[in-house]
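Printed here is my_file.cif (mmCIF, C-alpha atoms):
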```cif
data_input
#
loop_
_atom_site.label_atom_id
_atom_site.label_comp_id
_atom_site.auth_asym_id
_atom_site.auth_seq_id
_atom_site.Cartn_x
_atom_site.Cartn_y
_atom_site.Cartn_z
CA MET A 1 -115.72 -118.64 99.73
CA THR A 2 -117.54 -115.40 98.91
CA VAL A 3 -120.89 -116.23 97.32
CA PRO A 4 -123.64 -113.72 98.23
CA ILE A 5 -126.28 -115.03 100.63
CA ASP A 6 -129.85 -113.95 99.86
CA SER A 7 -132.35 -112.83 102.47
CA VAL A 8 -135.20 -115.20 103.37
CA ARG A 9 -137.55 -112.30 102.63
CA SER A 10 -136.52 -112.20 98.95
CA TYR A 11 -137.20 -115.95 98.69
CA LEU A 12 -140.62 -115.57 100.31
CA ILE A 13 -141.57 -112.75 97.90
CA VAL A 14 -140.70 -115.00 94.94
CA PHE A 15 -142.60 -117.91 96.48
CA ALA A 16 -145.71 -115.78 97.09
CA THR A 17 -145.64 -114.62 93.47
CA LEU A 18 -145.25 -118.23 92.26
CA VAL A 19 -148.28 -119.35 94.27
CA GLY A 20 -150.32 -116.28 93.22
CA LEU A 21 -149.65 -116.80 89.51
CA THR A 22 -150.35 -120.55 89.82
CA VAL A 23 -153.73 -119.86 91.44
CA ALA A 24 -154.46 -117.30 88.70
CA THR A 25 -153.51 -119.91 86.07
CA VAL A 26 -155.92 -122.45 87.61
CA GLY A 27 -158.58 -119.72 87.70
CA ALA A 28 -157.99 -118.95 84.02
CA ALA A 29 -159.01 -122.53 83.21
CA TYR A 30 -162.53 -121.75 84.46
CA LEU A 31 -162.94 -118.39 82.72
CA ASN A 32 -163.93 -117.96 79.10
CA LEU A 33 -161.00 -115.81 78.01
CA GLY A 34 -160.67 -117.27 74.53
CA PHE A 35 -157.34 -116.60 72.87
CA TRP A 36 -156.17 -114.43 75.80
CA ARG A 37 -156.12 -117.41 78.12
CA SER A 38 -153.18 -118.92 76.21
CA ILE A 39 -151.35 -115.60 76.25
CA PHE A 40 -151.97 -115.13 79.99
CA VAL A 41 -151.02 -118.60 81.20
CA ILE A 42 -147.86 -118.81 79.06
CA THR A 43 -146.79 -115.33 80.18
CA ALA A 44 -147.43 -116.30 83.83
CA ALA A 45 -145.32 -119.46 83.33
CA ALA A 46 -142.50 -117.43 81.77
CA VAL A 47 -142.57 -114.95 84.69
CA ASN A 48 -142.48 -117.82 87.21
CA ALA A 49 -139.61 -119.53 85.38
CA ALA A 50 -137.63 -116.28 85.13
CA MET A 51 -138.06 -115.60 88.86
CA ILE A 52 -136.93 -119.11 89.81
CA ALA A 53 -133.87 -118.81 87.56
CA TRP A 54 -132.99 -115.28 88.63
CA VAL A 55 -133.46 -115.63 92.41
CA PHE A 56 -133.66 -119.32 93.49
CA MET A 57 -131.07 -120.52 90.97
CA GLY A 58 -128.94 -117.47 91.70
CA VAL A 59 -128.41 -116.28 88.13
CA ARG A 60 -128.40 -112.72 89.48
CA HIS A 61 -125.22 -113.45 91.46
CA SER A 62 -123.63 -115.57 88.71
CA SER A 63 -120.68 -114.65 86.54
CA THR A 64 -121.22 -112.88 83.23
CA LEU A 65 -120.25 -116.13 81.49
CA VAL A 66 -123.08 -118.06 83.19
CA LYS A 67 -125.54 -115.27 82.32
CA LEU A 68 -124.34 -115.44 78.72
CA PHE A 69 -124.91 -119.22 78.68
CA VAL A 70 -128.45 -118.80 80.04
CA ALA A 71 -129.20 -116.13 77.42
CA GLY A 72 -127.65 -118.36 74.73
CA CYS A 73 -129.97 -121.19 75.81
CA LEU A 74 -132.99 -118.99 75.10
CA VAL A 75 -131.56 -118.11 71.69
CA TRP A 76 -131.12 -121.81 70.73
CA LEU A 77 -134.61 -122.60 71.97
CA SER A 78 -136.14 -119.78 69.96
CA ILE A 79 -134.21 -120.89 66.85
CA MET A 80 -135.71 -124.38 67.24
CA LEU A 81 -139.26 -123.02 67.69
CA ILE A 82 -139.14 -120.28 65.06
CA VAL A 83 -137.40 -122.24 62.30
CA THR A 84 -139.58 -125.32 62.85
CA PHE A 85 -142.76 -123.25 62.83
CA THR A 86 -141.63 -121.36 59.74
CA ASP A 87 -141.40 -124.70 57.99
CA TYR A 88 -144.71 -126.12 59.23
CA THR A 89 -146.71 -122.97 58.55
CA THR A 90 -145.43 -122.54 54.99
CA ARG A 91 -145.71 -126.14 53.78
CA HIS A 92 -148.59 -128.60 53.66
CA TRP A 93 -147.18 -130.99 56.24
CA ASP A 94 -150.39 -132.56 57.48
CA TYR A 95 -150.85 -134.50 54.23
CA ARG A 96 -151.28 -138.22 54.86
CA PRO A 97 -151.63 -140.77 52.08
CA ALA A 98 -154.93 -142.66 51.98
CA PRO A 99 -154.89 -146.17 53.50
CA TRP A 100 -153.89 -148.96 51.08
CA SER A 101 -157.45 -150.28 50.93
CA GLN A 102 -158.69 -146.95 49.51
CA SER A 103 -155.82 -146.45 47.11
CA LYS A 104 -157.06 -146.52 43.51
CA ALA A 105 -153.87 -146.45 41.51
CA VAL A 106 -150.59 -148.05 42.50
CA GLY A 107 -147.69 -145.88 41.52
CA GLY A 108 -149.99 -143.09 40.40
CA SER A 109 -149.03 -139.50 40.94
CA HIS A 110 -150.58 -137.55 43.85
CA MET B 1 -114.31 -139.89 98.92
CA ALA B 2 -113.27 -138.38 102.21
CA ASP B 3 -114.74 -134.89 102.30
CA THR B 4 -112.99 -133.71 105.40
CA ILE B 5 -109.42 -134.44 104.35
CA ILE B 6 -107.42 -131.35 103.52
CA VAL B 7 -105.95 -131.69 100.06
CA PRO B 8 -102.94 -129.43 99.56
CA SER B 9 -102.97 -127.79 96.16
CA PRO B 10 -99.81 -128.15 94.07
CA HIS B 11 -100.58 -124.71 92.68
CA GLY B 12 -99.95 -123.09 96.02
CA SER B 13 -103.57 -122.23 96.80
CA ALA B 14 -104.58 -120.63 100.06
CA ASP B 15 -107.95 -122.47 99.96
CA THR B 16 -107.08 -126.07 100.66
CA THR B 17 -110.25 -127.79 101.87
CA HIS B 18 -112.14 -129.66 99.12
CA VAL B 19 -110.27 -127.88 96.35
CA ARG B 20 -109.15 -130.35 93.70
CA HIS B 21 -105.53 -129.99 92.60
CA HIS B 22 -106.34 -128.54 89.17
CA PHE B 23 -108.12 -125.52 90.68
CA ALA B 24 -106.29 -122.55 92.19
CA THR B 25 -109.05 -121.52 94.62
CA ALA B 26 -112.38 -122.75 95.97
CA ALA B 27 -114.09 -119.88 94.16
CA GLN B 28 -112.59 -120.96 90.83
CA GLN B 29 -113.73 -124.54 91.46
CA TYR B 30 -117.24 -123.31 92.32
CA ASP B 31 -117.40 -121.18 89.14
CA ALA B 32 -116.29 -124.13 87.01
CA ALA B 33 -118.93 -126.38 88.62
CA SER B 34 -121.63 -123.73 88.05
CA LEU B 35 -120.75 -123.30 84.40
CA GLY B 36 -120.66 -127.08 83.89
CA MET B 37 -124.06 -127.50 85.57
CA TRP B 38 -125.61 -124.71 83.50
CA THR B 39 -124.19 -126.27 80.32
CA PHE B 40 -125.89 -129.54 81.28
CA LEU B 41 -129.15 -127.71 82.04
CA ILE B 42 -129.03 -126.04 78.60
CA THR B 43 -128.87 -129.48 76.95
CA GLU B 44 -131.89 -130.38 79.09
CA VAL B 45 -133.75 -127.25 77.94
CA LEU B 46 -133.15 -128.26 74.32
CA PHE B 47 -134.18 -131.87 75.05
CA PHE B 48 -137.50 -130.78 76.57
CA GLY B 49 -137.63 -128.00 73.96
CA GLY B 50 -137.96 -130.66 71.26
CA LEU B 51 -140.99 -132.09 73.06
CA PHE B 52 -142.48 -128.61 73.54
CA THR B 53 -141.96 -127.88 69.84
CA SER B 54 -143.74 -131.13 68.87
CA TYR B 55 -146.58 -130.21 71.20
CA ALA B 56 -146.87 -126.71 69.70
CA ILE B 57 -146.92 -128.05 66.14
CA TYR B 58 -149.55 -130.73 66.76
CA ARG B 59 -151.67 -128.35 68.82
CA SER B 60 -151.66 -125.89 65.91
CA LEU B 61 -152.45 -128.67 63.40
CA TYR B 62 -155.24 -130.34 65.41
CA PRO B 63 -156.68 -127.68 67.76
CA ASP B 64 -160.11 -129.33 68.12
CA ALA B 65 -158.71 -132.73 69.06
CA PHE B 66 -156.29 -131.21 71.58
CA ALA B 67 -158.97 -128.97 73.14
CA SER B 68 -161.35 -131.95 73.49
CA THR B 69 -158.91 -133.67 75.88
CA SER B 70 -159.54 -131.05 78.57
CA ALA B 71 -162.50 -133.10 79.81
CA TYR B 72 -159.97 -135.71 80.98
CA MET B 73 -157.43 -133.36 82.58
CA ASN B 74 -157.78 -132.55 86.28
CA VAL B 75 -156.83 -128.85 86.54
CA VAL B 76 -157.12 -128.79 90.34
CA LEU B 77 -154.75 -131.74 90.83
CA GLY B 78 -152.34 -130.19 88.31
CA GLY B 79 -152.52 -126.88 90.19
CA ILE B 80 -151.89 -128.59 93.54
CA ASN B 81 -148.86 -130.31 92.01
CA THR B 82 -147.60 -126.97 90.67
CA ILE B 83 -147.81 -125.43 94.15
CA LEU B 84 -146.13 -128.50 95.70
CA LEU B 85 -143.20 -128.11 93.32
CA ALA B 86 -143.05 -124.33 93.84
CA THR B 87 -142.83 -124.99 97.60
CA SER B 88 -140.09 -127.55 97.01
CA THR B 89 -138.05 -124.97 95.04
CA LEU B 90 -138.39 -122.62 98.02
CA THR B 91 -137.22 -125.29 100.48
CA MET B 92 -134.37 -126.24 98.12
CA ALA B 93 -133.25 -122.59 97.92
CA LEU B 94 -133.46 -122.41 101.73
CA ALA B 95 -131.42 -125.63 101.95
CA VAL B 96 -128.65 -124.03 99.87
CA ARG B 97 -128.83 -120.95 102.09
CA SER B 98 -128.55 -123.10 105.22
CA ALA B 99 -125.45 -124.78 103.79
CA GLN B 100 -123.98 -121.36 103.00
CA LEU B 101 -124.53 -120.39 106.65
CA SER B 102 -123.10 -123.74 107.94
CA LYS B 103 -126.47 -124.60 109.53
CA THR B 104 -126.38 -128.39 109.12
CA ARG B 105 -129.55 -129.10 111.11
CA SER B 106 -131.72 -126.77 109.03
CA LEU B 107 -129.99 -128.00 105.83
CA ILE B 108 -131.09 -131.56 106.67
CA ASN B 109 -134.62 -130.36 107.51
CA TYR B 110 -135.05 -128.42 104.26
CA LEU B 111 -133.63 -131.25 102.14
CA SER B 112 -136.03 -133.69 103.84
CA ILE B 113 -139.03 -131.41 103.19
CA THR B 114 -137.97 -131.02 99.55
CA PHE B 115 -137.78 -134.81 99.20
CA LEU B 116 -141.22 -135.30 100.77
CA LEU B 117 -142.82 -132.65 98.53
CA GLY B 118 -141.32 -134.42 95.50
CA ALA B 119 -142.72 -137.74 96.74
CA VAL B 120 -146.24 -136.30 97.17
CA PHE B 121 -146.02 -134.79 93.67
CA LEU B 122 -145.17 -138.22 92.22
CA LEU B 123 -148.00 -139.90 94.15
CA ILE B 124 -150.53 -137.42 92.70
CA LYS B 125 -148.99 -137.97 89.25
CA ALA B 126 -149.31 -141.74 89.70
CA TYR B 127 -152.99 -141.30 90.59
CA GLU B 128 -153.50 -139.23 87.43
CA TYR B 129 -151.77 -141.91 85.32
CA TYR B 130 -154.02 -144.53 86.91
CA SER B 131 -157.09 -142.47 85.97
CA LYS B 132 -155.88 -142.26 82.35
CA TRP B 133 -155.30 -146.03 82.37
CA SER B 134 -158.83 -146.66 83.71
CA GLU B 135 -160.30 -144.42 80.99
CA HIS B 136 -158.36 -146.26 78.22
CA LEU B 137 -156.39 -143.14 77.33
CA ILE B 138 -152.98 -144.82 77.03
CA PRO B 139 -151.98 -144.53 73.33
CA GLY B 140 -151.82 -147.90 71.60
CA THR B 141 -154.12 -150.76 70.73
CA GLY B 142 -156.30 -150.35 73.85
CA PHE B 143 -156.94 -146.65 73.23
CA GLN B 144 -160.62 -145.63 73.29
CA TYR B 145 -162.07 -142.17 72.87
CA ALA B 146 -165.66 -140.95 73.01
CA ASN B 147 -165.32 -139.00 69.76
CA SER B 148 -164.07 -141.55 67.23
CA GLN B 149 -163.45 -138.88 64.57
CA LEU B 150 -160.87 -137.20 66.77
CA GLU B 151 -159.38 -140.44 68.12
CA HIS B 152 -156.29 -140.51 65.93
CA HIS B 153 -155.25 -136.95 66.73
CA VAL B 154 -156.17 -137.26 70.41
CA GLN B 155 -153.74 -140.18 70.64
CA ILE B 156 -151.00 -137.77 69.56
CA PHE B 157 -151.96 -135.51 72.47
CA PHE B 158 -151.84 -138.36 74.98
CA PHE B 159 -148.59 -139.66 73.54
CA LEU B 160 -147.07 -136.19 74.13
CA TYR B 161 -148.74 -135.99 77.56
CA PHE B 162 -147.14 -139.23 78.71
CA ALA B 163 -143.79 -138.50 77.04
CA MET B 164 -143.51 -135.03 78.58
CA THR B 165 -144.87 -135.74 82.06
CA GLY B 166 -143.11 -139.14 82.08
CA MET B 167 -139.70 -137.62 81.28
CA HIS B 168 -140.40 -134.93 83.87
CA ALA B 169 -141.30 -137.56 86.49
CA LEU B 170 -138.12 -139.49 85.62
CA HIS B 171 -136.10 -136.32 86.27
CA MET B 172 -137.89 -135.94 89.61
CA ILE B 173 -137.00 -139.52 90.58
CA VAL B 174 -133.34 -138.87 89.70
CA GLY B 175 -133.50 -135.62 91.69
CA MET B 176 -134.91 -137.44 94.73
CA GLY B 177 -132.04 -139.93 94.53
CA LEU B 178 -129.60 -137.01 94.49
CA LEU B 179 -131.40 -135.48 97.49
CA VAL B 180 -130.89 -138.73 99.44
CA MET B 181 -127.18 -138.57 98.59
CA LEU B 182 -127.05 -134.96 99.84
CA LEU B 183 -128.91 -135.94 103.03
CA VAL B 184 -126.40 -138.71 103.79
CA LYS B 185 -123.45 -136.37 103.20
CA ALA B 186 -125.08 -133.53 105.15
CA ALA B 187 -125.70 -135.86 108.09
CA ARG B 188 -121.95 -136.59 108.07
CA GLY B 189 -121.26 -132.86 108.24
CA ALA B 190 -119.82 -132.61 104.73
CA PHE B 191 -121.24 -129.17 103.94
CA ASN B 192 -120.47 -125.77 105.42
CA ALA B 193 -119.86 -122.15 104.41
CA GLU B 194 -116.55 -123.18 102.82
CA TYR B 195 -117.91 -126.09 100.81
CA PHE B 196 -121.52 -126.35 99.63
CA THR B 197 -121.01 -126.82 95.88
CA PRO B 198 -122.92 -130.17 95.61
CA VAL B 199 -125.93 -128.68 97.44
CA ARG B 200 -125.92 -125.71 95.05
CA MET B 201 -125.54 -127.86 91.91
CA ILE B 202 -128.28 -130.35 92.83
CA GLY B 203 -130.39 -127.34 93.85
CA LEU B 204 -129.96 -125.95 90.33
CA TYR B 205 -131.09 -129.30 88.88
CA TRP B 206 -134.12 -129.53 91.16
CA GLU B 207 -135.22 -125.96 90.44
CA PHE B 208 -134.75 -126.52 86.70
CA VAL B 209 -137.05 -129.57 86.86
CA ASP B 210 -139.67 -127.34 88.49
CA ILE B 211 -139.34 -124.82 85.64
CA ILE B 212 -140.18 -127.61 83.17
CA TRP B 213 -143.34 -128.42 85.12
CA ILE B 214 -144.28 -124.73 85.26
CA PHE B 215 -144.60 -124.86 81.45
CA LEU B 216 -146.14 -128.34 81.27
CA PHE B 217 -149.01 -127.41 83.58
CA PRO B 218 -150.57 -124.57 81.52
CA LEU B 219 -149.89 -126.28 78.19
CA LEU B 220 -151.33 -129.70 79.07
CA TYR B 221 -154.02 -128.78 81.62
CA VAL B 222 -155.17 -125.20 81.21
CA ILE B 223 -155.00 -123.94 77.61
CA GLY B 224 -157.67 -126.30 76.25
CA ALA B 225 -159.96 -126.13 79.29
CA ARG B 226 -163.65 -125.44 78.68
#
```
Just give me the structure as structure tokens.
Amino acid sequence: MTVPIDSVRSYLIVFATLVGLTVATVGAAYLNLGFWRSIFVITAAAVNAAMIAWVFMGVRHSSTLVKLFVAGCLVWLSIMLIVTFTDYTTRHWDYRPAPWSQSKAVGGSH
Amino acid sequence: MADTIIVPSPHGSADTTHVRHHFATAAQQYDAASLGMWTFLITEVLFFGGLFTSYAIYRSLYPDAFASTSAYMNVVLGGINTILLATSTLTMALAVRSAQLSKTRSLINYLSITFLLGAVFLLIKAYEYYSKWSEHLIPGTGFQYANSQLEHHVQIFFFLYFAMTGMHALHMIVGMGLLVMLLVKAARGAFNAEYFTPVRMIGLYWEFVDIIWIFLFPLLYVIGAR
């Protein structure tokens, strides 16, 4: 069966990058980077995930159909995140009724 | 299932070993298995995606409560666990490579190392859960938090923490069971350059589970750190 075999060197390069970005992520927890910390650590995680998928999971050698499925997965995930956030950021969802003991009028309008 | 029996294909295939009768060639069977595995992994992405979406919404609604939990999260242990899992994805990839090269001895070695790294990860996770238990941070009636004003919203964080890391740990336990199955089959000489599909598919699963952790670690441990 003809499936390409990767070099050990390519695996070690990916592994070294994974460890480097993980150490940088731990370091970011101790630095006062404010908003940029979130951006950095999530970007680092996305880079790590992409490298694992592309090299270790062999997406780069996979058929176009598999690549299309992987891309489709990201589209569905972004639909879930974007549409849900659109809803939560444009409506007052964190409203919670007062406990019964504090309720003044039963059946009254809010 | 006898892996070494040659099954003649009724479709007149040249590749006969391990090829089920409804596939023409071993390559076609491998492609079908890959696509099926990726389809399963996509459902897993959306399953965990729901949890990640919940996390993102509650973090944006209650940023102070979520940030306050950083005092109880051990970044160093989380980082060690991240590196353990990264190493296990390397050894899993090397295990697949060994199978592709028909190197049974090194396949068994790499699968064993992958299993051990997974076990150490779970032990560290168990220690972290025990710490949360000792500090009364399990959501429910026994929950106690230093800042009583934030307590309600902090419980949401810890509920998500246990749901996300718990589901991840469950996937690891399943993966370790699959690794044992691979080890038994590999010891019987089931895998070689002509047939390594199960090693590849379980490798995909194991590496996917690591990707989930790669996102859990920064979100739960690092973002809110002070």
Name the residues that the PyMOL selection byres ((chain B and resi 74-77) around 12) picks from the file above, as a ChimeraX atom specification, using the file's chain letters and numbers.
/A:22-30 /B:69-73,78-84,120-129,131-132,216-226
Pick out the residues sitting within 9 Å of Ile202 in chain B, and hand them over as a PyMOL selection string; count all atoms listed in the file, and ignore anything fewer than 3 positions along from it in its own chain.
chain B and resi 37+175+178-179+182+197-199+205-207
Contact table chain B vs chain A, cut-off 8 Å, shortest pair per residue, all atoms listed in the file, as a tab-separated table:
```
residue	atom	partner	partner_atom	distance
B:Ala26	CA	A:Met1	CA	6.5
B:Ala27	CA	A:Met1	CA	5.9
B:Asp31	CA	A:Ser63	CA	7.8
B:Ser34	CA	A:Val66	CA	7.6
B:Leu35	CA	A:Val66	CA	5.9
B:Trp38	CA	A:Val66	CA	7.1
B:Thr39	CA	A:Phe69	CA	7.3
B:Ile42	CA	A:Cys73	CA	5.7
B:Val45	CA	A:Cys73	CA	7.5
B:Leu46	CA	A:Leu77	CA	6.3
B:Gly49	CA	A:Leu77	CA	6.5
B:Gly50	CA	A:Met80	CA	7.8
B:Thr53	CA	A:Leu81	CA	6.0
B:Ile57	CA	A:Phe85	CA	7.2
B:Leu61	CA	A:Asp94	CA	7.4
B:Val75	CA	A:Val26	CA	6.6
B:Val76	CA	A:Val26	CA	7.0
B:Gly79	CA	A:Val26	CA	6.2
B:Thr82	CA	A:Thr22	CA	7.0
B:Ile83	CA	A:Val19	CA	6.1
B:Ala86	CA	A:Leu18	CA	6.7
B:Thr87	CA	A:Phe15	CA	7.2
B:Thr89	CA	A:Phe56	CA	7.3
B:Leu90	CA	A:Phe15	CA	6.5
B:Ala93	CA	A:Phe56	CA	5.5
B:Leu94	CA	A:Val8	CA	7.6
B:Arg97	CA	A:Ile5	CA	6.6
B:Gln100	CA	A:Ile5	CA	7.1
B:Ala193	CA	A:Met1	CA	7.2
B:Glu194	CA	A:Met1	CA	5.6
B:Tyr195	CA	A:Met1	CA	7.8
B:Gly203	CA	A:Met57	CA	7.4
B:Leu204	CA	A:Met57	CA	5.6
B:Glu207	CA	A:Met57	CA	6.9
B:Phe208	CA	A:Ala53	CA	7.8
B:Ile211	CA	A:Ala49	CA	5.3
B:Ile214	CA	A:Ala45	CA	5.7
B:Phe215	CA	A:Ala45	CA	5.8
B:Pro218	CA	A:Val41	CA	6.0
B:Leu219	CA	A:Ile42	CA	7.8
B:Val222	CA	A:Ala29	CA	5.1
B:Ile223	CA	A:Ser38	CA	5.5
B:Ala225	CA	A:Ala29	CA	5.4
B:Arg226	CA	A:Tyr30	CA	6.9
```
I'd like the neighbourhood of Asp64 in chain B as a ChimeraX atom specification, where a residue qualifies if any of its atoms comes within 10 Å (using all atoms listed in the file), though same-chain residues fewer than 4 positions away should be ignored.
/B:59-60,68-69,150,153-154,224
Taking the file above as input, evaluate the PyMOL selection byres ((chain B and resi 95) around 10) and report the hits as a list in words.
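Output from the PyMOL selection byres ((chain B and resi 95) around 10), applied to this file: Thr89, Leu90, Thr91, Met92, Ala93, Leu94, Val96, Arg97, Ser98, Ala99, Gln100, Leu101, Lys103, Thr104, Arg105, Ser106, Leu107, Ile108, Asn109, Tyr110, Leu111, Ser112, Ile113, Thr114, Val199, Arg200 and Gly203 of chain B.
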File of the preceding selection, C-alpha atoms, as a PDB file, in the coordinates of the input:
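The resulting file, selection10.pdb, is shown below:
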```pdb
ATOM      1  CA  THR B  89    -138.050-124.970  95.040  1.00  0.00           C
ATOM      2  CA  LEU B  90    -138.390-122.620  98.020  1.00  0.00           C
ATOM      3  CA  THR B  91    -137.220-125.290 100.480  1.00  0.00           C
ATOM      4  CA  MET B  92    -134.370-126.240  98.120  1.00  0.00           C
ATOM      5  CA  ALA B  93    -133.250-122.590  97.920  1.00  0.00           C
ATOM      6  CA  LEU B  94    -133.460-122.410 101.730  1.00  0.00           C
ATOM      7  CA  VAL B  96    -128.650-124.030  99.870  1.00  0.00           C
ATOM      8  CA  ARG B  97    -128.830-120.950 102.090  1.00  0.00           C
ATOM      9  CA  SER B  98    -128.550-123.100 105.220  1.00  0.00           C
ATOM     10  CA  ALA B  99    -125.450-124.780 103.790  1.00  0.00           C
ATOM     11  CA  GLN B 100    -123.980-121.360 103.000  1.00  0.00           C
ATOM     12  CA  LEU B 101    -124.530-120.390 106.650  1.00  0.00           C
ATOM     13  CA  LYS B 103    -126.470-124.600 109.530  1.00  0.00           C
ATOM     14  CA  THR B 104    -126.380-128.390 109.120  1.00  0.00           C
ATOM     15  CA  ARG B 105    -129.550-129.100 111.110  1.00  0.00           C
ATOM     16  CA  SER B 106    -131.720-126.770 109.030  1.00  0.00           C
ATOM     17  CA  LEU B 107    -129.990-128.000 105.830  1.00  0.00           C
ATOM     18  CA  ILE B 108    -131.090-131.560 106.670  1.00  0.00           C
ATOM     19  CA  ASN B 109    -134.620-130.360 107.510  1.00  0.00           C
ATOM     20  CA  TYR B 110    -135.050-128.420 104.260  1.00  0.00           C
ATOM     21  CA  LEU B 111    -133.630-131.250 102.140  1.00  0.00           C
ATOM     22  CA  SER B 112    -136.030-133.690 103.840  1.00  0.00           C
ATOM     23  CA  ILE B 113    -139.030-131.410 103.190  1.00  0.00           C
ATOM     24  CA  THR B 114    -137.970-131.020  99.550  1.00  0.00           C
ATOM     25  CA  VAL B 199    -125.930-128.680  97.440  1.00  0.00           C
ATOM     26  CA  ARG B 200    -125.920-125.710  95.050  1.00  0.00           C
ATOM     27  CA  GLY B 203    -130.390-127.340  93.850  1.00  0.00           C
TER      28      GLY B 203
END
```
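In this model, the gap between CA of Met167 in chain B and CA of Val59 in chain A comes to 25.1 Å.
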At what distance in Å, to one decimal, does CA of Leu85 in chain B lie from CA of Ala169 in chain B?
11.8 Å
Could you check how far CA of Asp210 in chain B sits from CA of Ser88 in chain B, in Å to one decimal?
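Rounded to one decimal, the two atoms are 8.5 Å apart.
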Matched chain/residue IDs from the PyMOL selection byres ((chain B and resi 164) around 10), as a PyMOL selection string:
chain B and resi 48+51-52+55+158-163+165-170+212-213+216+220
Dump of C-alpha atoms for the selected residues, as a compact mmCIF listing (two decimals), in the coordinates of the input:
```txt
# COMPACT_ATOMS: atom_id res chain seq x y z
CA PHE B 48 -137.50 -130.78 76.57
CA LEU B 51 -140.99 -132.09 73.06
CA PHE B 52 -142.48 -128.61 73.54
CA TYR B 55 -146.58 -130.21 71.20
CA PHE B 158 -151.84 -138.36 74.98
CA PHE B 159 -148.59 -139.66 73.54
CA LEU B 160 -147.07 -136.19 74.13
CA TYR B 161 -148.74 -135.99 77.56
CA PHE B 162 -147.14 -139.23 78.71
CA ALA B 163 -143.79 -138.50 77.04
CA THR B 165 -144.87 -135.74 82.06
CA GLY B 166 -143.11 -139.14 82.08
CA MET B 167 -139.70 -137.62 81.28
CA HIS B 168 -140.40 -134.93 83.87
CA ALA B 169 -141.30 -137.56 86.49
CA LEU B 170 -138.12 -139.49 85.62
CA ILE B 212 -140.18 -127.61 83.17
CA TRP B 213 -143.34 -128.42 85.12
CA LEU B 216 -146.14 -128.34 81.27
CA LEU B 220 -151.33 -129.70 79.07
```
